[in-house]
Amino acid sequence: MSVYLHDIPLDKAQAALRSALQVADLWRVLGAENIPLAENALGRVLAEPIWAKISSPHYHASAMDGFAVRANETAGASLTAPLTLEIGKQAEYVDTGDPLPEGFNAVIMIEETEALDADGEITSAIREPQTIRIRAAVTPWKHVRPLGEDIVATQLVLPAGHILRPVDLGAIAASGHVEIAVSRKPRVAILPTGTELVEIGSELKRGDILEYNSLVLAAQIKNWGGEATRFPITIDDFDLITARVSEAAREHDLILLNAGSSAGAEDFSAGVVEKLGTLLVHGVAVRPGHPVILGMVKRELEIGATTPDSRPPTPIIGMPGYPVSAALTGEIFVEPMIARWLGRTPIELETVKAELTRKTTSSGGDDDYIRMAVGRVGERMLAAPLNRGAGVISSLVRADGLAIMPRGTQGAESGEAVEIHLYRSLAELERTIFCIGSHDMTLDLLAQYLAERGRRLVSANVGSLGGLVALKRGEAHLAGSHLLDPETGEYNTAYIQKYLPDTPVEQVMLVNREQGLLVQRKNPKNIKDLADLTRADVAFVNRQRGAGTRVLLDYHLNLLGIASAQILRYNQEEFTHLGVAAAIASGRADCGLGIAAAAQALDLDFLPLYQERYELIIPKIYYDDPLLVPLIEVLHDQDFQIAVEAMPGYNTNLMGQLSRRN
């Protein structure tokens, strides 16, 4: 009987896996191996504690270049009553690190002595004087590294389970070791499955999906201390997948079977696990990553083998095919297992409390892992939910952390404080600039130039009006805006006065840019202008309400006397210029209003229509803040301006200038 989609709580699923590993005697360090300290020890986990074989230093050592003396013989020396010490009897020259001569217990730095010749005159022969003159007494063991100052023989240097850092290697060497026992790296087999999958670098045709999950999973395994083997793609065939899993089970400690974990006609993973061993769990109440499979498969004999394999079964995790689901499944189930096998503690992400910028809903029956962009705006640490699609790998790239909404909750309201498990350091978050508003492709270029200056630009595309609202709520440092006032022909000013009447801002010019119609290559519908949008054979794709591009469109439609109802799919919306371009390139639409750079990016034709101002609206409190100083510098950087002008449809003549203050 299938156990799929029984909403097994995450903690119970983890407990079922742990119990099976304990029964198989696999909930422990898998084994140890001795390796030379000088070869690939960095990052390995100690399988045994390091006890010092020798002391460091193993003798009393001089800590300075100077003269070894007996402290009691320097008593009384002062600036007005200097003492003279005889070389050989009362003082001996030593370099830093030299053994302290027998009977001596202090060192006077060479800078604090005067070397004298046989006539009592100061000499430059520092290493071979007859006597030295000192003008200050020293205490016993002054400038001396006593035996065992760093490490004492038999003391614990590092415990088992410690992940070796560069400085640890020095401490181990200093304590007399040349070889160490480290935990054996768990061997993890990664088996991608799917008839639609193709290898990275393949020429793509419609329906092909690049197989990169195994690349991500293998990198995770390596980062966590394991050793990954990426198997070739296996097509959706029950017998082939079964054979591949059986092969992987022979020499690996864990199998990650990627895709085919759901309940579709070609989802064979659960059946494969049942045939080869025990299916523990099929379906976990966690999102993303719902159709997770947990099981144990037997190690079958290789062909020709005569001795039964007495080793325990191999755990197997069937991972969802969606990239985000696969990666998070690795974090939730695989990392703690590898930590146990290595004998280290599981990774615990740093956490911070942050206010949600908008309401977030969550399924009440699942533990929901929500990707967040996080940063400080003024005195508030803010968290903005990112795209929650399980196939949107870029959302994990952009994510600063995760908010985990436990089952039984329905999400959280805007402004509510939630705990964020951070992927980035707090220091990085403090260097983050939040830009919310209209989409423009120069923002990505701006982010790159800011990264070179120690700042991180996080942008959210909610439209020009959405950006102004975000500024009003104190949720952004700046907003991109290109809102045309139909009455005055000016950009942004009237809207700022309406939405930010009590907030002093600077309107900083970014670019003049060209807006026009994006159409398919060679313009098969022969679209020429906005009037053609009323044709029954032309499907339009629009920008969302509040977007400056939509305001621009509605303004010109009104001038032409064209009603929105006359336009096929006027209400089909995208949130970015690239989204509009992708809709046209994929055939979902015939045309849309957007910028020339978006047309070029997706190999579309572009029909220029209008010039417009795109500005950065920056509250004065942030314009003068050191956080934004590099941003203002970039706007005046000639290299940046040249890079922007290299994209079609942009003019940077006024970039960085203040167009209006209020």
# chains A, B, ... in the order shown; residues from 1 in each chain; ligands from 1
$ residues_around --residues "stretch 502-517 of chain A" --least-positions-apart "5" --cutoff "6 Å" --atoms "only C-alpha atoms" --output "PyMOL selection string"
chain A and resi 592-595+606-620+649-652+655-662
$ write_last_selection --atoms "N, CA, C and O atoms" --output "CSV table (one decimal), in the first residue's frame"
chain,number,residue,atom,x,y,z
A,592,GLY,N,4.1,43.6,-26.8
A,592,GLY,CA,4.0,44.2,-25.5
A,592,GLY,C,4.8,45.5,-25.4
A,592,GLY,O,5.8,45.6,-26.2
A,593,LEU,N,4.5,46.4,-24.6
A,593,LEU,CA,5.3,47.6,-24.5
A,593,LEU,C,6.4,47.4,-23.5
A,593,LEU,O,6.2,46.8,-22.4
A,594,GLY,N,7.6,47.8,-23.9
A,594,GLY,CA,8.8,47.6,-23.0
A,594,GLY,C,10.0,48.3,-23.6
A,594,GLY,O,9.9,49.1,-24.5
A,595,ILE,N,11.2,48.0,-23.0
A,595,ILE,CA,12.4,48.7,-23.4
A,595,ILE,C,13.2,47.9,-24.4
A,595,ILE,O,13.1,46.7,-24.5
A,606,PHE,N,12.1,45.3,-32.1
A,606,PHE,CA,11.7,46.5,-31.3
A,606,PHE,C,11.3,47.6,-32.2
A,606,PHE,O,12.0,48.0,-33.1
A,607,LEU,N,10.1,48.1,-31.9
A,607,LEU,CA,9.5,49.3,-32.6
A,607,LEU,C,9.5,50.5,-31.7
A,607,LEU,O,8.7,50.6,-30.8
A,608,PRO,N,10.5,51.4,-31.8
A,608,PRO,CA,10.6,52.5,-30.8
A,608,PRO,C,9.4,53.5,-31.0
A,608,PRO,O,9.0,53.8,-32.1
A,609,LEU,N,8.9,53.9,-29.8
A,609,LEU,CA,7.8,54.8,-29.8
A,609,LEU,C,8.1,56.1,-28.9
A,609,LEU,O,7.8,57.2,-29.4
A,610,TYR,N,8.6,55.9,-27.7
A,610,TYR,CA,8.6,57.1,-26.8
A,610,TYR,C,10.0,57.1,-26.0
A,610,TYR,O,10.6,56.1,-25.8
A,611,GLN,N,10.3,58.3,-25.6
A,611,GLN,CA,11.5,58.5,-24.7
A,611,GLN,C,10.9,58.9,-23.3
A,611,GLN,O,9.9,59.6,-23.2
A,612,GLU,N,11.5,58.3,-22.3
A,612,GLU,CA,11.1,58.6,-20.9
A,612,GLU,C,12.2,58.7,-19.9
A,612,GLU,O,13.3,58.3,-20.2
A,613,ARG,N,11.9,59.4,-18.8
A,613,ARG,CA,12.9,59.5,-17.7
A,613,ARG,C,12.7,58.4,-16.7
A,613,ARG,O,11.6,58.2,-16.3
A,614,TYR,N,13.8,57.8,-16.4
A,614,TYR,CA,13.8,56.8,-15.3
A,614,TYR,C,14.7,57.3,-14.2
A,614,TYR,O,15.9,57.5,-14.4
A,615,GLU,N,14.0,57.5,-13.0
A,615,GLU,CA,14.8,58.1,-11.9
A,615,GLU,C,14.8,57.2,-10.7
A,615,GLU,O,14.0,56.3,-10.5
A,616,LEU,N,15.8,57.5,-9.8
A,616,LEU,CA,15.9,56.9,-8.5
A,616,LEU,C,15.3,57.9,-7.5
A,616,LEU,O,15.9,59.0,-7.4
A,617,ILE,N,14.3,57.5,-6.8
A,617,ILE,CA,13.7,58.3,-5.8
A,617,ILE,C,14.3,57.9,-4.4
A,617,ILE,O,14.1,56.8,-4.0
A,618,ILE,N,15.1,58.8,-3.8
A,618,ILE,CA,15.8,58.5,-2.6
A,618,ILE,C,15.4,59.5,-1.5
A,618,ILE,O,15.7,60.7,-1.6
A,619,PRO,N,14.9,59.0,-0.4
A,619,PRO,CA,14.6,59.8,0.8
A,619,PRO,C,15.9,60.5,1.2
A,619,PRO,O,17.0,59.9,1.2
A,620,LYS,N,15.8,61.8,1.5
A,620,LYS,CA,17.1,62.5,1.8
A,620,LYS,C,17.8,61.9,3.0
A,620,LYS,O,19.1,62.0,3.0
A,649,GLY,N,18.9,51.6,-26.4
A,649,GLY,CA,17.8,52.4,-25.9
A,649,GLY,C,18.1,53.2,-24.7
A,649,GLY,O,17.1,53.7,-24.1
A,650,TYR,N,19.3,53.4,-24.3
A,650,TYR,CA,19.7,54.1,-23.1
A,650,TYR,C,20.5,55.4,-23.4
A,650,TYR,O,21.4,55.3,-24.3
A,651,ASN,N,20.2,56.5,-22.7
A,651,ASN,CA,21.0,57.7,-22.8
A,651,ASN,C,21.4,58.1,-21.3
A,651,ASN,O,20.5,58.2,-20.5
A,652,THR,N,22.7,58.3,-21.1
A,652,THR,CA,23.2,58.6,-19.7
A,652,THR,C,23.6,60.0,-19.6
A,652,THR,O,24.3,60.3,-18.6
A,655,MET,N,22.7,61.3,-16.2
A,655,MET,CA,22.8,60.3,-15.1
A,655,MET,C,23.5,61.0,-13.8
A,655,MET,O,24.5,61.6,-13.9
A,656,GLY,N,22.9,60.7,-12.7
A,656,GLY,CA,23.4,61.2,-11.4
A,656,GLY,C,23.0,62.6,-11.0
A,656,GLY,O,23.2,63.1,-9.9
A,657,GLN,N,22.3,63.4,-12.0
A,657,GLN,CA,21.9,64.7,-11.7
A,657,GLN,C,20.6,64.7,-10.9
A,657,GLN,O,19.8,63.8,-11.0
A,658,LEU,N,20.4,65.7,-10.0
A,658,LEU,CA,19.2,65.9,-9.2
A,658,LEU,C,18.2,66.7,-10.1
A,658,LEU,O,18.5,67.8,-10.5
A,659,SER,N,17.1,66.1,-10.3
A,659,SER,CA,16.1,66.8,-11.2
A,659,SER,C,15.2,67.7,-10.4
A,659,SER,O,14.6,68.6,-11.0
A,660,ARG,N,14.9,67.3,-9.2
A,660,ARG,CA,14.0,68.2,-8.4
A,660,ARG,C,14.1,67.8,-6.9
A,660,ARG,O,14.4,66.7,-6.6
A,661,ARG,N,14.0,68.8,-6.0
A,661,ARG,CA,14.0,68.5,-4.6
A,661,ARG,C,12.7,69.0,-4.0
A,661,ARG,O,12.1,70.0,-4.4
A,662,ASN,N,12.3,68.3,-2.9
A,662,ASN,CA,11.1,68.7,-2.2
A,662,ASN,C,11.2,68.4,-0.7
A,662,ASN,O,12.2,67.8,-0.3
$ residues_around --residues "A:Thr361" --least-positions-apart "3" --cutoff "8 Å" --atoms "only C-alpha atoms" --output "PyMOL selection string"
chain A and resi 410-412
$ residues_around --residues "stretch 153-170 of chain A" --least-positions-apart "5" --cutoff "6 Å" --atoms "only C-alpha atoms" --output "ChimeraX atom specification"
/A:42-55,343-344
$ write_last_selection --atoms "N, CA, C and O atoms" --output "JSON list (two decimals), in the first residue's frame"
[["chain", "number", "residue", "atom", "x", "y", "z"],
["A", 42, "LEU", "N", 42.91, 19.97, 5.56],
["A", 42, "LEU", "CA", 42.04, 21.13, 5.76],
["A", 42, "LEU", "C", 40.58, 20.76, 5.50],
["A", 42, "LEU", "O", 40.24, 20.16, 4.49],
["A", 43, "GLY", "N", 39.70, 21.11, 6.45],
["A", 43, "GLY", "CA", 38.29, 20.85, 6.29],
["A", 43, "GLY", "C", 37.85, 19.47, 6.71],
["A", 43, "GLY", "O", 36.64, 19.20, 6.79],
["A", 44, "ARG", "N", 38.79, 18.57, 7.00],
["A", 44, "ARG", "CA", 38.42, 17.23, 7.45],
["A", 44, "ARG", "C", 37.98, 17.28, 8.91],
["A", 44, "ARG", "O", 38.27, 18.23, 9.64],
["A", 45, "VAL", "N", 37.29, 16.23, 9.33],
["A", 45, "VAL", "CA", 36.76, 16.16, 10.69],
["A", 45, "VAL", "C", 37.59, 15.15, 11.49],
["A", 45, "VAL", "O", 37.78, 14.01, 11.05],
["A", 46, "LEU", "N", 38.07, 15.56, 12.65],
["A", 46, "LEU", "CA", 38.88, 14.67, 13.47],
["A", 46, "LEU", "C", 38.04, 13.50, 13.98],
["A", 46, "LEU", "O", 36.97, 13.69, 14.56],
["A", 47, "ALA", "N", 38.55, 12.29, 13.76],
["A", 47, "ALA", "CA", 37.87, 11.10, 14.26],
["A", 47, "ALA", "C", 38.31, 10.78, 15.68],
["A", 47, "ALA", "O", 37.61, 10.08, 16.41],
["A", 48, "GLU", "N", 39.47, 11.28, 16.06],
["A", 48, "GLU", "CA", 40.01, 11.06, 17.41],
["A", 48, "GLU", "C", 40.54, 12.38, 17.94],
["A", 48, "GLU", "O", 40.96, 13.26, 17.17],
["A", 49, "PRO", "N", 40.54, 12.56, 19.26],
["A", 49, "PRO", "CA", 41.10, 13.79, 19.82],
["A", 49, "PRO", "C", 42.60, 13.86, 19.58],
["A", 49, "PRO", "O", 43.28, 12.84, 19.44],
["A", 50, "ILE", "N", 43.10, 15.07, 19.52],
["A", 50, "ILE", "CA", 44.54, 15.30, 19.39],
["A", 50, "ILE", "C", 45.11, 15.63, 20.77],
["A", 50, "ILE", "O", 44.75, 16.65, 21.36],
["A", 51, "TRP", "N", 45.96, 14.74, 21.26],
["A", 51, "TRP", "CA", 46.66, 14.99, 22.52],
["A", 51, "TRP", "C", 48.10, 15.35, 22.21],
["A", 51, "TRP", "O", 48.73, 14.74, 21.35],
["A", 52, "ALA", "N", 48.63, 16.34, 22.88],
["A", 52, "ALA", "CA", 49.98, 16.82, 22.58],
["A", 52, "ALA", "C", 51.02, 15.76, 22.94],
["A", 52, "ALA", "O", 51.03, 15.24, 24.05],
["A", 53, "LYS", "N", 51.89, 15.46, 21.96],
["A", 53, "LYS", "CA", 53.00, 14.55, 22.21],
["A", 53, "LYS", "C", 54.18, 15.28, 22.84],
["A", 53, "LYS", "O", 54.94, 14.71, 23.62],
["A", 54, "ILE", "N", 54.35, 16.54, 22.46],
["A", 54, "ILE", "CA", 55.45, 17.35, 22.98],
["A", 54, "ILE", "C", 54.91, 18.71, 23.39],
["A", 54, "ILE", "O", 53.79, 19.08, 23.03],
["A", 55, "SER", "N", 55.71, 19.42, 24.17],
["A", 55, "SER", "CA", 55.33, 20.77, 24.55],
["A", 55, "SER", "C", 55.78, 21.74, 23.46],
["A", 55, "SER", "O", 56.70, 21.47, 22.69],
["A", 343, "GLY", "N", 30.76, 12.76, 12.71],
["A", 343, "GLY", "CA", 31.00, 13.01, 14.13],
["A", 343, "GLY", "C", 31.04, 14.48, 14.50],
["A", 343, "GLY", "O", 31.44, 14.83, 15.61],
["A", 344, "ARG", "N", 30.61, 15.35, 13.58],
["A", 344, "ARG", "CA", 30.56, 16.78, 13.89],
["A", 344, "ARG", "C", 29.13, 17.17, 14.24],
["A", 344, "ARG", "O", 28.19, 16.39, 14.04]]
$ residues_around --residues "A:Glu114" --least-positions-apart "5" --cutoff "7 Å" --atoms "only C-alpha atoms" --output "list in words"
Ile122, Ile132, Arg133 and Ile134 of chain A
$ closest_residue --among "A:Glu350, A:Glu379, A:Glu92, A:Glu128" --to "A:Ser425" --atoms "only C-alpha atoms"
A:Glu350
$ closest_atom_pairs --of "stretch 172-273 of chain A" --to "stretch 318-321 of chain A" --cutoff "12 Å" --atoms "only C-alpha atoms" --output "Markdown table"
| residue | atom | partner | partner_atom | distance |
| --- | --- | --- | --- | --- |
| A:Ala189 | CA | A:Gly318 | CA | 11.8 |
| A:Ile190 | CA | A:Met319 | CA | 10.1 |
| A:Leu191 | CA | A:Gly318 | CA | 9.6 |
| A:Pro192 | CA | A:Gly321 | CA | 8.7 |
| A:Thr193 | CA | A:Gly321 | CA | 8.7 |
| A:Gly194 | CA | A:Gly321 | CA | 9.0 |
| A:Glu196 | CA | A:Gly321 | CA | 11.5 |
| A:Leu197 | CA | A:Gly321 | CA | 10.5 |
| A:Ile209 | CA | A:Gly321 | CA | 10.8 |
| A:Leu210 | CA | A:Gly321 | CA | 11.5 |
| A:Glu211 | CA | A:Gly321 | CA | 9.7 |
| A:Tyr212 | CA | A:Gly321 | CA | 10.3 |
| A:Asn213 | CA | A:Gly321 | CA | 7.7 |
| A:Ser214 | CA | A:Gly321 | CA | 10.2 |
| A:Leu217 | CA | A:Met319 | CA | 10.2 |
| A:Val245 | CA | A:Gly318 | CA | 11.0 |
| A:Leu254 | CA | A:Gly318 | CA | 10.9 |
| A:Ile255 | CA | A:Gly318 | CA | 8.3 |
| A:Leu256 | CA | A:Gly318 | CA | 6.0 |
| A:Leu257 | CA | A:Gly318 | CA | 4.7 |
| A:Asn258 | CA | A:Met319 | CA | 4.8 |
| A:Ala259 | CA | A:Gly321 | CA | 3.9 |
| A:Gly260 | CA | A:Gly321 | CA | 7.0 |
| A:Ser261 | CA | A:Gly318 | CA | 5.7 |
| A:Ser262 | CA | A:Pro320 | CA | 7.3 |
| A:Ala263 | CA | A:Pro320 | CA | 11.1 |
| A:Asp267 | CA | A:Pro320 | CA | 10.3 |
| A:Phe268 | CA | A:Gly318 | CA | 10.0 |
| A:Ser269 | CA | A:Gly318 | CA | 6.5 |
| A:Ala270 | CA | A:Gly318 | CA | 7.6 |
| A:Gly271 | CA | A:Gly318 | CA | 10.9 |
| A:Val272 | CA | A:Gly318 | CA | 10.1 |
| A:Val273 | CA | A:Gly318 | CA | 8.8 |
$ residues_around --residues "A:Val551" --least-positions-apart "5" --cutoff "12 Å" --atoms "only C-alpha atoms" --output "mmCIF file with C-alpha atoms, in the first residue's frame"
data_model
loop_
_atom_site.group_PDB
_atom_site.id
_atom_site.type_symbol
_atom_site.label_atom_id
_atom_site.label_comp_id
_atom_site.auth_asym_id
_atom_site.auth_seq_id
_atom_site.Cartn_x
_atom_site.Cartn_y
_atom_site.Cartn_z
ATOM 1 C CA SER A 438 10.102 49.723 -11.367
ATOM 2 C CA GLY A 463 6.208 48.781 -10.264
ATOM 3 C CA SER A 464 6.835 52.489 -9.830
ATOM 4 C CA LEU A 465 3.823 53.128 -7.595
ATOM 5 C CA SER A 481 10.268 55.212 -10.938
ATOM 6 C CA HIS A 482 9.143 56.540 -14.323
ATOM 7 C CA LEU A 483 5.601 57.744 -13.682
ATOM 8 C CA LEU A 484 4.350 60.186 -16.309
ATOM 9 C CA ASP A 485 1.953 62.891 -15.171
ATOM 10 C CA PRO A 486 -0.579 63.245 -18.028
ATOM 11 C CA TYR A 491 7.905 62.380 -14.537
ATOM 12 C CA ASN A 492 7.435 61.326 -10.901
ATOM 13 C CA TYR A 495 3.223 61.165 -7.664
ATOM 14 C CA ASN A 542 0.784 44.163 -20.336
ATOM 15 C CA ARG A 543 2.676 45.294 -17.264
ATOM 16 C CA GLN A 544 1.025 45.141 -13.843
ATOM 17 C CA ARG A 545 -1.106 47.929 -12.387
ATOM 18 C CA GLY A 546 1.066 50.685 -10.944
ATOM 19 C CA HIS A 556 -1.064 57.217 -25.074
ATOM 20 C CA LEU A 557 -4.091 54.946 -25.505
ATOM 21 C CA ASN A 558 -6.200 57.748 -24.069
ATOM 22 C CA LEU A 593 5.270 47.635 -24.451
ATOM 23 C CA GLU A 612 11.053 58.629 -20.921
#
$ closest_residue --among "A:Gly579, A:Glu112, A:Gly467, A:Thr534" --to "A:Ile562" --atoms "only C-alpha atoms"
A:Thr534
$ atom_distance --atom1 "atom CA of A:Cys591" --atom2 "atom CA of A:Lys525"
9.3 Å
$ select_by_dssp --residues "stretch 527-561 of chain A" --states "alpha helix (DSSP H)" --output "PyMOL selection string"
chain A and resi 548-560
$ atom_distance --atom1 "atom CA of A:Ile527" --atom2 "atom CA of A:Leu559"
19.1 Å
$ closest_residue --among "A:Glu247, A:His58, A:Leu445, A:Arg424" --to "A:Asp639" --atoms "only C-alpha atoms"
A:Leu445
$ closest_residue --among "A:Leu635, A:Ala427, A:Leu443, A:Ala547" --to "A:Leu468" --atoms "only C-alpha atoms"
A:Ala547
$ closest_residue --among "A:Thr488, A:Thr549, A:Ser78, A:Thr409" --to "A:His439" --atoms "only C-alpha atoms"
A:Thr549
$ residues_around --residues "A:Asn34" --least-positions-apart "3" --cutoff "12 Å" --atoms "only C-alpha atoms" --output "VMD selection string"
chain A and resid 31 37 to 41 44 to 48 177 to 184
$ write_last_selection --atoms "N, CA, C and O atoms" --output "CSV table (one decimal), in the first residue's frame"
chain,number,residue,atom,x,y,z
A,31,GLY,N,33.6,5.6,10.1
A,31,GLY,CA,34.9,5.0,10.1
A,31,GLY,C,35.9,6.1,10.1
A,31,GLY,O,35.6,7.3,10.0
A,37,LEU,N,49.3,15.0,7.9
A,37,LEU,CA,48.9,16.3,8.2
A,37,LEU,C,49.0,17.3,7.1
A,37,LEU,O,48.2,18.2,6.9
A,38,ALA,N,50.1,17.1,6.3
A,38,ALA,CA,50.4,18.1,5.2
A,38,ALA,C,49.6,17.8,3.9
A,38,ALA,O,49.7,18.6,3.0
A,39,GLU,N,48.7,16.8,3.9
A,39,GLU,CA,48.0,16.5,2.7
A,39,GLU,C,46.5,16.5,2.9
A,39,GLU,O,46.0,15.6,3.5
A,40,ASN,N,45.9,17.5,2.3
A,40,ASN,CA,44.4,17.5,2.3
A,40,ASN,C,43.7,17.4,3.6
A,40,ASN,O,42.6,16.8,3.7
A,41,ALA,N,44.4,17.8,4.7
A,41,ALA,CA,43.7,17.7,6.0
A,41,ALA,C,42.7,18.9,6.3
A,41,ALA,O,41.8,18.7,7.1
A,44,ARG,N,38.8,18.6,7.0
A,44,ARG,CA,38.4,17.2,7.4
A,44,ARG,C,38.0,17.3,8.9
A,44,ARG,O,38.3,18.2,9.6
A,45,VAL,N,37.3,16.2,9.3
A,45,VAL,CA,36.8,16.2,10.7
A,45,VAL,C,37.6,15.2,11.5
A,45,VAL,O,37.8,14.0,11.0
A,46,LEU,N,38.1,15.6,12.6
A,46,LEU,CA,38.9,14.7,13.5
A,46,LEU,C,38.0,13.5,14.0
A,46,LEU,O,37.0,13.7,14.6
A,47,ALA,N,38.5,12.3,13.8
A,47,ALA,CA,37.9,11.1,14.3
A,47,ALA,C,38.3,10.8,15.7
A,47,ALA,O,37.6,10.1,16.4
A,48,GLU,N,39.5,11.3,16.1
A,48,GLU,CA,40.0,11.1,17.4
A,48,GLU,C,40.5,12.4,17.9
A,48,GLU,O,41.0,13.3,17.2
A,177,HIS,N,52.6,16.0,16.0
A,177,HIS,CA,51.9,15.0,15.1
A,177,HIS,C,52.3,15.3,13.7
A,177,HIS,O,52.4,16.4,13.2
A,178,VAL,N,52.5,14.2,12.9
A,178,VAL,CA,52.7,14.3,11.5
A,178,VAL,C,51.5,13.6,10.7
A,178,VAL,O,51.4,13.7,9.5
A,179,GLU,N,50.7,12.8,11.4
A,179,GLU,CA,49.6,12.1,10.9
A,179,GLU,C,48.4,12.2,11.8
A,179,GLU,O,48.6,12.2,13.0
A,180,ILE,N,47.2,12.2,11.3
A,180,ILE,CA,46.0,12.3,12.1
A,180,ILE,C,45.0,11.4,11.6
A,180,ILE,O,44.9,10.9,10.5
A,181,ALA,N,44.1,11.0,12.6
A,181,ALA,CA,42.9,10.2,12.2
A,181,ALA,C,41.7,11.1,12.0
A,181,ALA,O,41.3,11.9,12.9
A,182,VAL,N,41.2,11.0,10.8
A,182,VAL,CA,40.0,11.8,10.4
A,182,VAL,C,38.8,10.9,10.1
A,182,VAL,O,39.0,9.7,9.7
A,183,SER,N,37.6,11.4,10.2
A,183,SER,CA,36.5,10.6,9.8
A,183,SER,C,36.4,10.3,8.3
A,183,SER,O,36.7,11.2,7.5
A,184,ARG,N,36.1,9.1,8.0
A,184,ARG,CA,36.0,8.8,6.6
A,184,ARG,C,34.9,9.6,5.9
A,184,ARG,O,33.8,9.7,6.5
$ residues_around --residues "A:Val541" --least-positions-apart "6" --cutoff "12 Å" --atoms "only C-alpha atoms" --output "VMD selection string"
chain A and resid 517 to 519 533 549 to 550 553 567 to 594
$ atom_distance --atom1 "atom CA of A:Asn223" --atom2 "atom CA of A:Pro315"
20.1 Å
$ closest_residue --among "A:Gly548, A:Val418, A:Met381, A:Tyr449" --to "A:Gly474" --atoms "only C-alpha atoms"
A:Met381
$ select_by_dssp --residues "stretch 56-205 of chain A" --states "strand (DSSP E)" --output "PyMOL selection string"
chain A and resi 61-62+66-69+83-86+91-94+106-109+113-116+131-134+144-145+156-158+179-183+187-192+197-198
$ decode --residues "stretch 48-52 of chain A" --atoms "all heavy atoms" --output "CSV table (one decimal), in the first residue's frame"
chain,number,residue,atom,x,y,z
A,48,GLU,N,39.5,11.3,16.1
A,48,GLU,CA,40.0,11.1,17.4
A,48,GLU,C,40.5,12.4,17.9
A,48,GLU,O,41.0,13.3,17.2
A,48,GLU,CB,41.1,10.0,17.4
A,48,GLU,CG,40.7,8.7,16.9
A,48,GLU,CD,41.9,7.7,16.7
A,48,GLU,OE1,43.1,8.2,17.0
A,48,GLU,OE2,41.7,6.6,16.3
A,49,PRO,N,40.5,12.6,19.3
A,49,PRO,CA,41.1,13.8,19.8
A,49,PRO,C,42.6,13.9,19.6
A,49,PRO,O,43.3,12.8,19.4
A,49,PRO,CB,40.8,13.7,21.3
A,49,PRO,CG,40.6,12.2,21.6
A,49,PRO,CD,40.0,11.6,20.3
A,50,ILE,N,43.1,15.1,19.5
A,50,ILE,CA,44.5,15.3,19.4
A,50,ILE,C,45.1,15.6,20.8
A,50,ILE,O,44.7,16.6,21.4
A,50,ILE,CB,44.8,16.4,18.4
A,50,ILE,CG1,44.3,16.1,17.0
A,50,ILE,CG2,46.3,16.7,18.4
A,50,ILE,CD1,45.0,15.0,16.3
A,51,TRP,N,46.0,14.7,21.3
A,51,TRP,CA,46.7,15.0,22.5
A,51,TRP,C,48.1,15.4,22.2
A,51,TRP,O,48.7,14.7,21.3
A,51,TRP,CB,46.6,13.7,23.4
A,51,TRP,CG,45.2,13.3,23.7
A,51,TRP,CD1,44.5,12.3,23.1
A,51,TRP,CD2,44.4,13.7,24.8
A,51,TRP,NE1,43.3,12.2,23.6
A,51,TRP,CE2,43.2,13.0,24.7
A,51,TRP,CE3,44.5,14.7,25.8
A,51,TRP,CZ2,42.1,13.2,25.6
A,51,TRP,CZ3,43.5,14.9,26.7
A,51,TRP,CH2,42.3,14.2,26.6
A,52,ALA,N,48.6,16.3,22.9
A,52,ALA,CA,50.0,16.8,22.6
A,52,ALA,C,51.0,15.8,22.9
A,52,ALA,O,51.0,15.2,24.0
A,52,ALA,CB,50.3,18.1,23.3
